[in-house]
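Trainee: Quick one: this structure, given as structure tokens, is what I'll be asking you about.
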Amino acid sequence: MTYTNSSGKEFMTSIRDILTHVALHGQYHRGQINSRFRADGIDPVNMDYITFVR
């Protein structure tokens, strides 16, 4: 897939790599949220999508 970012720079990336990025990017943010919870003395929570759809 070829696309242009907001700065006008063109990139070519496989759909497989884009989907991998989407999956891992969400995991990264869930980790950030739970790290903040721990820092504030709150037990981390399961925020995985599959947990909510079960």
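Ligands are numbered from 1 in the order shown, residues from 1 within each chain, and chains are lettered A, B, ... in the order they appear in the structure tokens.
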Using only C-alpha atoms, determine which residues lie at most 12 Å from A:Tyr49, disregarding the query and same-chain residues fewer than 5 positions distant; provide the list as a PDB file with N, CA and C atoms, in the first residue's frame.

Mentor:
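Generated file (around-v9.pdb):
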```pdb
ATOM      1  N   ALA A  23      -2.500  -3.722  15.653  1.00  0.00           N
ATOM      2  CA  ALA A  23      -2.667  -4.628  16.793  1.00  0.00           C
ATOM      3  C   ALA A  23      -1.714  -4.275  17.932  1.00  0.00           C
ATOM      4  N   GLY A  26      -2.320  -0.672  19.911  1.00  0.00           N
ATOM      5  CA  GLY A  26      -3.332  -0.721  20.963  1.00  0.00           C
ATOM      6  C   GLY A  26      -2.787  -1.350  22.225  1.00  0.00           C
ATOM      7  N   GLN A  27      -1.991  -2.399  22.064  1.00  0.00           N
ATOM      8  CA  GLN A  27      -1.383  -3.068  23.209  1.00  0.00           C
ATOM      9  C   GLN A  27      -0.458  -2.103  23.958  1.00  0.00           C
ATOM     10  N   ARG A  30      -2.620   0.210  26.053  1.00  0.00           N
ATOM     11  CA  ARG A  30      -3.184  -0.486  27.210  1.00  0.00           C
ATOM     12  C   ARG A  30      -2.123  -0.621  28.298  1.00  0.00           C
ATOM     13  N   ARG A  54     -16.932 -11.310  25.169  1.00  0.00           N
ATOM     14  CA  ARG A  54     -17.302 -12.645  25.670  1.00  0.00           C
ATOM     15  C   ARG A  54     -18.626 -12.599  26.375  1.00  0.00           C
TER      16      ARG A  54
END
```

Trainee: Do you know which residues are at most 6 Å from stretch 11-13 of chain A counting only C-alpha atoms, after dropping those on the same chain fewer than 3 positions away, and could you put them as a ChimeraX atom specification?

Mentor: /A:1-3

Trainee: Please, what distance in Å, to one decimal, runs between atom CA of A:Lys9 and atom CA of A:Val22?

Mentor: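 Spanning atom CA of A:Lys9 to atom CA of A:Val22 is a straight-line distance of 20.2 Å.
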
Trainee: Write out as a PyMOL selection string all residues of chain A that backbone DSSP assigns to strand (DSSP E or B).

Mentor: chain A and resi 2-4+10-12

Trainee: One number please: atom CA of A:Gly8 to atom CA of A:Thr20, in Å, one decimal.

Mentor: 23.4 Å

Trainee: As a PyMOL selection string, please: every residue in chain A that a backbone DSSP assignment puts in helix (DSSP H, G or I).

Mentor: chain A and resi 15-39+49-53
